file model-v2.cif (mmCIF, C-alpha atoms and all ligand atoms)
data_upload
loop_
_atom_site.group_PDB
_atom_site.id
_atom_site.type_symbol
_atom_site.label_atom_id
_atom_site.label_comp_id
_atom_site.auth_asym_id
_atom_site.auth_seq_id
_atom_site.Cartn_x
_atom_site.Cartn_y
_atom_site.Cartn_z
ATOM 1 C CA SER A 276 -51.078 65.784 -32.859
ATOM 2 C CA PRO A 277 -48.403 64.192 -30.644
ATOM 3 C CA GLY A 278 -49.066 66.774 -27.902
ATOM 4 C CA ASN A 279 -52.343 65.052 -27.068
ATOM 5 C CA PHE A 280 -50.665 61.713 -26.374
ATOM 6 C CA GLN A 281 -49.052 60.167 -23.294
ATOM 7 C CA VAL A 282 -46.894 57.085 -23.375
ATOM 8 C CA SER A 283 -48.396 54.142 -21.568
ATOM 9 C CA LYS A 284 -47.286 50.554 -21.071
ATOM 10 C CA GLY A 285 -48.480 47.156 -22.210
ATOM 11 C CA GLY A 286 -49.202 48.006 -25.830
ATOM 12 C CA GLU A 287 -51.431 50.986 -25.069
ATOM 13 C CA VAL A 288 -51.354 54.702 -25.783
ATOM 14 C CA LEU A 289 -53.249 57.388 -23.883
ATOM 15 C CA LYS A 290 -55.004 60.077 -25.888
ATOM 16 C CA LEU A 291 -56.388 63.218 -24.270
ATOM 17 C CA TYR A 292 -60.098 62.710 -23.562
ATOM 18 C CA SER A 293 -62.740 64.198 -25.817
ATOM 19 C CA GLU A 294 -66.396 63.320 -25.320
ATOM 20 C CA PRO A 295 -67.305 62.917 -29.015
ATOM 21 C CA GLU A 296 -64.331 60.602 -29.568
ATOM 22 C CA ALA A 297 -65.041 58.462 -26.484
ATOM 23 C CA LYS A 298 -68.682 58.096 -27.559
ATOM 24 C CA CYS A 299 -67.645 57.011 -31.064
ATOM 25 C CA LEU A 300 -65.145 54.460 -29.728
ATOM 26 C CA ASP A 301 -67.795 53.032 -27.378
ATOM 27 C CA CYS A 302 -70.113 52.570 -30.328
ATOM 28 C CA LEU A 303 -67.358 51.225 -32.610
ATOM 29 C CA MET A 304 -66.456 48.416 -30.195
ATOM 30 C CA ARG A 305 -69.930 46.960 -30.909
ATOM 31 C CA ASP A 306 -69.882 47.533 -34.700
ATOM 32 C CA PRO A 307 -68.618 45.593 -37.755
ATOM 33 C CA LEU A 308 -65.878 48.266 -37.964
ATOM 34 C CA ARG A 309 -64.267 47.033 -34.744
ATOM 35 C CA PRO A 310 -61.446 45.129 -36.548
ATOM 36 C CA PHE A 311 -60.471 48.380 -38.290
ATOM 37 C CA VAL A 312 -60.260 50.546 -35.163
ATOM 38 C CA PRO A 313 -57.632 50.513 -32.376
ATOM 39 C CA GLN A 314 -59.107 48.607 -29.432
ATOM 40 C CA TYR A 315 -60.599 50.938 -26.833
ATOM 41 C CA HIS A 316 -60.003 50.139 -23.170
ATOM 42 C CA GLY A 317 -61.982 52.908 -21.462
ATOM 43 C CA LEU A 318 -60.764 55.972 -19.601
ATOM 44 C CA VAL A 319 -57.987 56.718 -17.142
ATOM 45 C CA THR A 320 -57.059 59.835 -15.143
ATOM 46 C CA ARG A 321 -53.421 60.964 -14.934
ATOM 47 C CA GLY A 322 -52.766 64.106 -12.942
ATOM 48 C CA GLU A 323 -55.553 66.524 -13.781
ATOM 49 C CA HIS A 324 -56.355 65.121 -17.217
ATOM 50 C CA CYS A 325 -58.588 62.319 -18.394
ATOM 51 C CA TYR A 326 -57.330 60.034 -21.174
ATOM 52 C CA ILE A 327 -58.715 57.502 -23.625
ATOM 53 C CA ARG A 328 -56.874 54.152 -23.435
ATOM 54 C CA LEU A 329 -56.163 52.882 -26.948
ATOM 55 C CA GLU A 330 -54.349 49.937 -28.473
ATOM 56 C CA ASP A 331 -50.863 50.992 -29.618
ATOM 57 C CA LEU A 332 -50.999 50.287 -33.358
ATOM 58 C CA LEU A 333 -47.174 50.373 -33.591
ATOM 59 C CA SER A 334 -46.517 47.846 -30.863
ATOM 60 C CA GLY A 335 -44.565 44.831 -32.122
ATOM 61 C CA LEU A 336 -43.451 46.577 -35.305
ATOM 62 C CA ARG A 337 -39.777 47.134 -36.160
ATOM 63 C CA ARG A 338 -38.889 50.499 -37.707
ATOM 64 C CA PRO A 339 -42.496 51.080 -38.851
ATOM 65 C CA VAL A 340 -43.364 53.326 -41.792
ATOM 66 C CA ILE A 341 -46.549 55.359 -41.292
ATOM 67 C CA MET A 342 -48.872 57.345 -43.555
ATOM 68 C CA ASP A 343 -51.823 59.398 -42.303
ATOM 69 C CA CYS A 344 -54.614 60.002 -44.836
ATOM 70 C CA LYS A 345 -57.284 62.459 -43.703
ATOM 71 C CA MET A 346 -60.568 61.264 -45.162
ATOM 72 C CA GLY A 347 -63.522 63.141 -46.643
ATOM 73 C CA VAL A 348 -64.225 65.998 -49.048
ATOM 74 C CA ARG A 349 -64.061 68.546 -46.198
ATOM 75 C CA THR A 350 -62.285 68.626 -42.818
ATOM 76 C CA TYR A 351 -64.483 71.209 -41.069
ATOM 77 C CA GLN A 352 -67.848 70.675 -39.442
ATOM 78 C CA GLU A 353 -70.860 72.630 -40.748
ATOM 79 C CA GLU A 354 -70.927 74.284 -37.317
ATOM 80 C CA GLU A 355 -67.502 75.822 -38.056
ATOM 81 C CA LEU A 356 -68.885 77.489 -41.179
ATOM 82 C CA ILE A 357 -71.880 78.851 -39.243
ATOM 83 C CA LYS A 358 -69.556 80.219 -36.539
ATOM 84 C CA ALA A 359 -67.417 81.929 -39.208
ATOM 85 C CA ARG A 360 -70.539 83.697 -40.494
ATOM 86 C CA THR A 361 -72.275 84.604 -37.257
ATOM 87 C CA LYS A 362 -69.507 85.231 -34.723
ATOM 88 C CA PRO A 363 -66.173 85.030 -36.532
ATOM 89 C CA THR A 364 -63.149 84.520 -34.281
ATOM 90 C CA LEU A 365 -59.857 85.382 -35.898
ATOM 91 C CA ARG A 366 -56.950 82.981 -35.542
ATOM 92 C CA SER A 367 -53.536 84.603 -35.936
ATOM 93 C CA ASP A 368 -51.787 81.212 -35.669
ATOM 94 C CA MET A 369 -53.741 79.958 -38.670
ATOM 95 C CA TYR A 370 -53.016 83.166 -40.602
ATOM 96 C CA GLN A 371 -49.304 82.588 -39.896
ATOM 97 C CA LYS A 372 -49.489 78.945 -41.051
ATOM 98 C CA MET A 373 -51.216 80.095 -44.249
ATOM 99 C CA MET A 374 -48.573 82.792 -44.874
ATOM 100 C CA LYS A 375 -45.761 80.271 -44.453
ATOM 101 C CA VAL A 376 -47.167 78.106 -47.255
ATOM 102 C CA ASP A 377 -48.432 80.841 -49.568
ATOM 103 C CA PRO A 378 -48.143 84.567 -48.749
ATOM 104 C CA SER A 379 -50.592 85.336 -51.537
ATOM 105 C CA ALA A 380 -53.345 83.147 -50.081
ATOM 106 C CA PRO A 381 -54.887 85.558 -47.550
ATOM 107 C CA SER A 382 -57.248 88.264 -48.839
ATOM 108 C CA GLU A 383 -56.510 91.964 -48.353
ATOM 109 C CA GLU A 384 -58.880 92.013 -45.381
ATOM 110 C CA GLU A 385 -57.197 88.975 -43.825
ATOM 111 C CA HIS A 386 -53.782 90.607 -44.273
ATOM 112 C CA ALA A 387 -55.058 93.729 -42.534
ATOM 113 C CA GLN A 388 -56.493 91.659 -39.648
ATOM 114 C CA LYS A 389 -53.478 89.304 -39.559
ATOM 115 C CA GLY A 390 -56.025 86.618 -38.826
ATOM 116 C CA VAL A 391 -58.370 84.123 -40.504
ATOM 117 C CA THR A 392 -61.325 82.144 -39.189
ATOM 118 C CA LYS A 393 -60.740 78.463 -38.478
ATOM 119 C CA TRP A 394 -63.277 77.599 -41.194
ATOM 120 C CA ARG A 395 -61.378 79.676 -43.739
ATOM 121 C CA TYR A 396 -58.077 78.009 -42.807
ATOM 122 C CA LEU A 397 -59.463 74.470 -42.922
ATOM 123 C CA GLN A 398 -61.258 75.167 -46.205
ATOM 124 C CA TRP A 399 -58.055 76.582 -47.687
ATOM 125 C CA ARG A 400 -56.227 73.387 -46.675
ATOM 126 C CA ASP A 401 -59.008 71.340 -48.300
ATOM 127 C CA THR A 402 -58.926 73.205 -51.619
ATOM 128 C CA THR A 403 -55.119 73.359 -51.880
ATOM 129 C CA SER A 404 -54.872 69.596 -51.336
ATOM 130 C CA SER A 405 -56.682 66.611 -52.849
ATOM 131 C CA THR A 406 -59.384 66.731 -50.140
ATOM 132 C CA SER A 407 -62.028 68.659 -52.118
ATOM 133 C CA THR A 408 -61.505 66.739 -55.367
ATOM 134 C CA LEU A 409 -60.381 63.205 -54.389
ATOM 135 C CA GLY A 410 -62.067 62.994 -50.992
ATOM 136 C CA PHE A 411 -58.874 62.541 -48.952
ATOM 137 C CA ARG A 412 -55.363 63.883 -48.555
ATOM 138 C CA ILE A 413 -52.046 62.544 -47.351
ATOM 139 C CA GLU A 414 -51.472 64.550 -44.141
ATOM 140 C CA GLY A 415 -48.068 63.128 -43.374
ATOM 141 C CA VAL A 416 -45.664 60.276 -43.831
ATOM 142 C CA MET A 417 -43.079 58.969 -41.355
ATOM 143 C CA MET A 418 -40.277 56.848 -42.803
ATOM 144 C CA GLU A 419 -38.213 54.110 -41.036
ATOM 145 C CA ASP A 420 -35.700 56.631 -39.695
ATOM 146 C CA GLY A 421 -38.445 58.671 -37.983
ATOM 147 C CA ASN A 422 -38.253 61.454 -40.551
ATOM 148 C CA VAL A 423 -41.688 63.107 -40.989
ATOM 149 C CA GLN A 424 -42.695 64.534 -44.354
ATOM 150 C CA ARG A 425 -45.598 66.930 -44.677
ATOM 151 C CA ASP A 426 -45.120 68.147 -48.274
ATOM 152 C CA PHE A 427 -47.669 65.582 -49.452
ATOM 153 C CA ARG A 428 -50.464 67.871 -48.240
ATOM 154 C CA LYS A 429 -50.080 69.972 -51.392
ATOM 155 C CA ILE A 430 -50.715 66.986 -53.678
ATOM 156 C CA GLN A 431 -53.690 67.610 -55.970
ATOM 157 C CA THR A 432 -53.932 64.766 -58.516
ATOM 158 C CA LEU A 433 -54.398 61.006 -58.346
ATOM 159 C CA THR A 434 -51.163 60.539 -60.330
ATOM 160 C CA GLN A 435 -49.251 62.414 -57.612
ATOM 161 C CA VAL A 436 -50.962 60.297 -54.935
ATOM 162 C CA THR A 437 -49.853 57.128 -56.761
ATOM 163 C CA GLU A 438 -46.258 58.421 -56.892
ATOM 164 C CA ALA A 439 -46.438 59.122 -53.146
ATOM 165 C CA LEU A 440 -47.745 55.595 -52.480
ATOM 166 C CA LEU A 441 -44.846 54.116 -54.469
ATOM 167 C CA TYR A 442 -42.388 56.245 -52.466
ATOM 168 C CA PHE A 443 -44.012 55.367 -49.134
ATOM 169 C CA THR A 444 -43.954 51.597 -49.879
ATOM 170 C CA ARG A 445 -40.660 51.704 -51.797
ATOM 171 C CA SER A 446 -42.700 50.005 -54.566
ATOM 172 C CA GLN A 447 -42.846 46.735 -52.591
ATOM 173 C CA LEU A 448 -45.585 44.681 -54.241
ATOM 174 C CA ASP A 449 -46.451 42.638 -51.149
ATOM 175 C CA THR A 450 -46.980 45.787 -49.089
ATOM 176 C CA LEU A 451 -49.069 47.490 -51.794
ATOM 177 C CA LYS A 452 -51.202 44.375 -52.229
ATOM 178 C CA ALA A 453 -51.729 43.989 -48.475
ATOM 179 C CA TYR A 454 -52.910 47.615 -48.261
ATOM 180 C CA HIS A 455 -55.172 47.168 -51.282
ATOM 181 C CA SER A 456 -56.860 44.071 -49.889
ATOM 182 C CA ARG A 457 -57.243 45.661 -46.413
ATOM 183 C CA LEU A 458 -59.038 48.657 -48.006
ATOM 184 C CA LEU A 459 -61.391 46.349 -49.936
ATOM 185 C CA ASP A 460 -62.222 44.603 -46.632
ATOM 186 C CA LEU A 461 -62.784 47.997 -45.011
ATOM 187 C CA LYS A 462 -65.147 49.025 -47.794
ATOM 188 C CA ASP A 463 -67.131 45.860 -47.133
ATOM 189 C CA ALA A 464 -67.261 46.496 -43.391
ATOM 190 C CA LEU A 465 -68.402 50.097 -43.976
ATOM 191 C CA ARG A 466 -71.322 48.792 -46.045
ATOM 192 C CA ASN A 467 -72.466 46.700 -43.063
ATOM 193 C CA SER A 468 -71.772 49.321 -40.397
ATOM 194 C CA SER A 469 -74.673 51.024 -38.642
ATOM 195 C CA PHE A 470 -72.104 53.347 -37.014
ATOM 196 C CA PHE A 471 -71.037 54.541 -40.468
ATOM 197 C CA ARG A 472 -74.614 54.962 -41.720
ATOM 198 C CA THR A 473 -75.543 57.136 -38.748
ATOM 199 C CA HIS A 474 -72.413 59.270 -38.260
ATOM 200 C CA GLU A 475 -70.884 62.251 -40.045
ATOM 201 C CA VAL A 476 -67.180 61.407 -40.192
ATOM 202 C CA ILE A 477 -65.064 64.590 -40.306
ATOM 203 C CA GLY A 478 -61.303 64.944 -39.827
ATOM 204 C CA SER A 479 -60.871 61.214 -39.310
ATOM 205 C CA SER A 480 -57.834 59.452 -40.788
ATOM 206 C CA LEU A 481 -56.836 56.140 -42.252
ATOM 207 C CA LEU A 482 -53.486 55.224 -40.729
ATOM 208 C CA PHE A 483 -51.314 53.045 -42.988
ATOM 209 C CA VAL A 484 -48.631 51.197 -41.059
ATOM 210 C CA HIS A 485 -46.088 48.678 -42.286
ATOM 211 C CA ASP A 486 -42.732 47.210 -41.400
ATOM 212 C CA HIS A 487 -40.584 44.542 -43.090
ATOM 213 C CA ASN A 488 -43.230 41.822 -42.695
ATOM 214 C CA LYS A 489 -46.639 43.326 -41.956
ATOM 215 C CA ALA A 490 -48.959 45.987 -43.414
ATOM 216 C CA SER A 491 -52.285 47.220 -42.097
ATOM 217 C CA VAL A 492 -54.702 50.155 -42.197
ATOM 218 C CA TRP A 493 -56.671 51.570 -39.264
ATOM 219 C CA MET A 494 -59.446 54.110 -38.814
ATOM 220 C CA ILE A 495 -58.396 56.726 -36.238
ATOM 221 C CA ASP A 496 -59.315 60.181 -34.858
ATOM 222 C CA PHE A 497 -63.025 60.531 -34.138
ATOM 223 C CA GLY A 498 -62.977 63.869 -32.307
ATOM 224 C CA LYS A 499 -65.095 65.534 -35.006
ATOM 225 C CA THR A 500 -67.260 62.502 -35.860
ATOM 226 C CA THR A 501 -70.836 63.068 -34.711
ATOM 227 C CA PRO A 502 -74.126 61.135 -34.721
ATOM 228 C CA LEU A 503 -76.909 62.351 -37.016
ATOM 229 C CA PRO A 504 -80.260 63.386 -35.593
ATOM 230 C CA ASP A 505 -82.806 60.544 -35.044
ATOM 231 C CA THR A 506 -83.408 58.556 -38.240
ATOM 232 C CA ARG A 507 -81.127 60.446 -40.649
ATOM 233 C CA GLU A 508 -78.499 58.509 -42.587
ATOM 234 C CA LEU A 509 -75.619 59.488 -44.856
ATOM 235 C CA GLN A 510 -74.505 58.055 -48.207
ATOM 236 C CA HIS A 511 -70.857 59.178 -47.805
ATOM 237 C CA SER A 512 -70.455 58.937 -51.606
ATOM 238 C CA VAL A 513 -71.998 62.195 -52.855
ATOM 239 C CA PRO A 514 -70.606 65.740 -52.899
ATOM 240 C CA TRP A 515 -71.360 67.922 -49.865
ATOM 241 C CA THR A 516 -73.941 70.691 -49.995
ATOM 242 C CA GLU A 517 -74.540 72.830 -46.928
ATOM 243 C CA GLY A 518 -76.988 71.170 -44.564
ATOM 244 C CA SER A 519 -76.599 67.702 -46.111
ATOM 245 C CA ARG A 520 -73.803 66.836 -43.645
ATOM 246 C CA GLU A 521 -72.386 64.493 -46.294
ATOM 247 C CA ASP A 522 -68.663 63.870 -45.705
ATOM 248 C CA GLY A 523 -67.565 62.124 -48.924
ATOM 249 C CA TYR A 524 -65.708 59.442 -46.957
ATOM 250 C CA LEU A 525 -66.383 56.786 -49.608
ATOM 251 C CA ILE A 526 -65.272 59.137 -52.392
ATOM 252 C CA GLY A 527 -61.892 59.218 -50.645
ATOM 253 C CA LEU A 528 -61.775 55.489 -50.034
ATOM 254 C CA THR A 529 -62.551 54.800 -53.709
ATOM 255 C CA SER A 530 -59.800 57.226 -54.811
ATOM 256 C CA LEU A 531 -57.321 55.506 -52.510
ATOM 257 C CA ILE A 532 -58.242 52.052 -53.789
ATOM 258 C CA THR A 533 -57.888 53.242 -57.410
ATOM 259 C CA SER A 534 -54.516 54.811 -56.670
ATOM 260 C CA LEU A 535 -53.300 51.629 -54.950
ATOM 261 C CA SER A 536 -54.379 49.576 -57.999
ATOM 262 C CA ASP A 537 -52.436 51.965 -60.238
ATOM 263 C CA ALA A 538 -49.409 51.749 -57.930
ATOM 264 C CA ILE A 539 -49.556 47.933 -58.028
ATOM 265 C CA GLY A 540 -49.658 48.066 -61.850
ATOM 266 C CA LEU A 541 -46.648 50.364 -61.961
ATOM 267 C CA ALA A 542 -44.684 48.381 -59.361
ATOM 268 C CA CYS A 543 -45.430 45.253 -61.425
ATOM 269 C CA GLY A 544 -43.966 46.880 -64.520
ATOM 270 C CA GLN A 545 -40.810 47.783 -62.615
ATOM 271 C CA GLN A 546 -40.167 44.164 -61.545
ATOM 272 C CA GLU A 547 -41.626 42.034 -64.355
ATOM 273 C CA ASP A 548 -40.233 38.684 -63.200
ATOM 274 C CA THR A 549 -41.965 38.786 -59.842
ATOM 275 C CA CYS A 550 -45.389 39.807 -61.101
ATOM 276 C CA GLU A 551 -47.808 36.884 -61.536
ATOM 277 C CA GLU A 552 -50.285 38.774 -63.743
ATOM 278 C CA ASP A 553 -47.456 39.801 -66.070
ATOM 279 C CA ASN A 554 -46.107 36.275 -66.300
ATOM 280 C CA VAL A 555 -49.531 34.886 -67.160
ATOM 281 C CA LEU A 556 -49.848 37.516 -69.879
ATOM 282 C CA HIS A 557 -46.402 36.628 -71.306
ATOM 283 C CA GLU A 558 -47.384 32.943 -71.441
ATOM 284 C CA VAL A 559 -50.635 33.698 -73.254
ATOM 285 C CA LEU A 560 -48.794 35.863 -75.795
HETATM 286 C C1 LIG B 1 -54.722 71.795 -37.756
HETATM 287 C C2 LIG B 1 -55.537 70.606 -38.251
HETATM 288 C C3 LIG B 1 -56.326 69.974 -37.124
HETATM 289 C C4 LIG B 1 -57.223 71.003 -36.433
HETATM 290 C C5 LIG B 1 -56.384 72.172 -35.920
HETATM 291 C C6 LIG B 1 -55.589 72.814 -37.044
HETATM 292 O O1 LIG B 1 -54.099 72.426 -38.859
HETATM 293 O O2 LIG B 1 -56.417 71.004 -39.256
HETATM 294 O O3 LIG B 1 -57.136 68.945 -37.666
HETATM 295 O O4 LIG B 1 -57.831 70.423 -35.292
HETATM 296 O O5 LIG B 1 -57.261 73.137 -35.361
HETATM 297 O O6 LIG B 1 -54.757 73.823 -36.497
HETATM 298 P P1 LIG B 1 -52.679 71.961 -39.487
HETATM 299 O O7 LIG B 1 -52.620 70.460 -39.439
HETATM 300 O O8 LIG B 1 -52.705 72.475 -40.866
HETATM 301 O O9 LIG B 1 -51.605 72.597 -38.664
HETATM 302 P P2 LIG B 1 -59.323 69.823 -35.324
HETATM 303 O O10 LIG B 1 -59.351 68.798 -36.402
HETATM 304 O O11 LIG B 1 -59.489 69.215 -33.960
HETATM 305 O O12 LIG B 1 -60.283 70.929 -35.575
HETATM 306 P P3 LIG B 1 -57.024 73.758 -33.895
HETATM 307 O O13 LIG B 1 -55.737 74.586 -33.988
HETATM 308 O O14 LIG B 1 -58.221 74.574 -33.596
HETATM 309 O O15 LIG B 1 -56.856 72.593 -32.960
#

call {"tool": "encode", "arguments": {"input": "model-v2.cif", "output": "C-alpha cells"}}
result
Amino acid sequence: SPGNFQVSKGGEVLKLYSEPEAKCLDCLMRDPLRPFVPQYHGLVTRGEHCYIRLEDLLSGLRRPVIMDCKMGVRTYQEEELIKARTKPTLRSDMYQKMMKVDPSAPSEEEHAQKGVTKWRYLQWRDTTSSTSTLGFRIEGVMMEDGNVQRDFRKIQTLTQVTEALLYFTRSQLDTLKAYHSRLLDLKDALRNSSFFRTHEVIGSSLLFVHDHNKASVWMIDFGKTTPLPDTRELQHSVPWTEGSREDGYLIGLTSLITSLSDAIGLACGQQEDTCEEDNVLHEVL
C-alpha cells in the first residue's frame, strides 16, 4: 500500500520497516533470487520511523505500466486462521470492504456483528478471485496515465487472466515475450534457491513493469514470508492442507506462464505478418 512508502532520492524508495521483510531481503541478497528482487540497501531512520531502503523499480522508465500479481493459493498465514478460531478479533473495516463488493457475502452472524475476522476476509478474497484455483491473482494494474484498476481481483478463470494480460500489454508481442522469458528464468532461479526451499511465501507479489522499450518482473513484498523450522522444506507446487505451510507459489507461476503463452498465441493471430512462428507455418504449408 502506498501509505507505507516515502519518496527518496537517487533511484531508491523507502518502505516502512518490518522485521520479517528486512530478514528476507538480507537473505535474498545472498541467494540466486537476487536478480529478481529490488536491491536492498539496509535501513534508515526518518523522524520516528525506520525504513527499508529499496531500489526504485520504476526509475528510468517513461510512463510505466504496472501489474501486481499476488502469488500463492492463499494470502493468509496459518497463524491468522488459528487466531480466528481461538481469539477472534472482529474487523469492521473488512466487513465494510466485503459489503461494498458483495452485500450477500457476510453470514447472518457477521451481519449482526458488523465485523469479520481478518482470516475470513482474506479467505473470502482468495476464493472470489483466482488465488485458490490458479495460485495467484491480479491485485491491480496501473496504466500509462496513472489510472489504477482493481476490478481484476474478481477474475476467476485462466481465459480471463489471458484477456487481462492482452489488455495490460496492449497485445504487444515483444512485451509479452519479454515477460514470458523473464518468468521462465525466474522459475529456474527458484529451483536453485535455498531461500525459496526454506521459506513460506505468503502475500508476496510479482510486479510486472514495462514502458515503450523495456519489460521486467520482480519479486516484492516479503512482510508475511517466514522461514520454516530447522530442516523443513516446502515444495510450493502442491495444494495447501492445514499445518503443511505449503503456499502454492509454483502453482501460480505455472498458471501465469501458461496464460502468457496463450496471450502470445492470440497476439500472434491478431498480427499474422509479424509473427515468426506463423510465417514458418505458412511456408511449410
Ligand atoms: C488488504 C490486503 C493486505 C492486508 C490488509 C488487507 O485487503 O489483503 O494484504 O495486509 O490487512 O486489509 P485489501 O487489499 O482487500 O484492501 P497484510 O498482507 O499485511 O496482512 P490489514 O488491514 O490488516 O493490513

call {"tool": "atom_distance", "arguments": {"input": "model-v2.cif", "atom1": "atom CA of Tyr524 of chain A", "atom2": "atom CA of Leu336 of chain A"}}
result
28.2 Å

call {"tool": "residues_near_ligand", "arguments": {"input": "model-v2.cif", "ligand": "ligand LIG 1 (chain B)", "cutoff": "9 Å", "atoms": "all atoms listed in the file", "output": "PyMOL selection string"}}
result
chain A and resi 276+345+350-352+366+368-369+372-373+393+396-397+400+414+428+477-479+496+498-499

call {"tool": "residues_near_point", "arguments": {"input": "model-v2.cif", "point": "(-44.6, 43.6, -49.5)", "cutoff": "9 Å", "atoms": "only C-alpha atoms", "output": "ChimeraX atom specification"}}
result
/A:444,446-453,485,487-490

call {"tool": "residues_around", "arguments": {"input": "model-v2.cif", "residues": "Met374 of chain A", "least_positions_apart": "5", "cutoff": "12 Å", "atoms": "all atoms listed in the file", "output": "ChimeraX atom specification"}}
result
/A:367-369,379-382,385-386,389-391,396,399

call {"tool": "resolve_selection", "arguments": {"input": "model-v2.cif", "expression": "the PyMOL selection byres (((chain A and resi 435) around 12) and not hetatm)", "output": "VMD selection string"}}
result
chain A and resid 404 to 405 409 412 to 413 426 to 434 436 to 442 531 534 to 535 537 to 538

call {"tool": "closest_residue", "arguments": {"input": "model-v2.cif", "among": "A:Leu289, A:Leu461, A:Phe470, A:Val476", "to": "Met304 of chain A", "atoms": "only C-alpha atoms"}}
result
A:Phe470

call {"tool": "residues_around", "arguments": {"input": "model-v2.cif", "residues": "segment 326-334 of chain A", "least_positions_apart": "6", "cutoff": "6 Å", "atoms": "all atoms listed in the file", "output": "list in words"}}
result
Gly286, Glu287, Val288, Leu289, Lys290, Leu291, Tyr292, Pro313, Gln314, Tyr315, His316, Gly317, Leu318 and Val319 of chain A
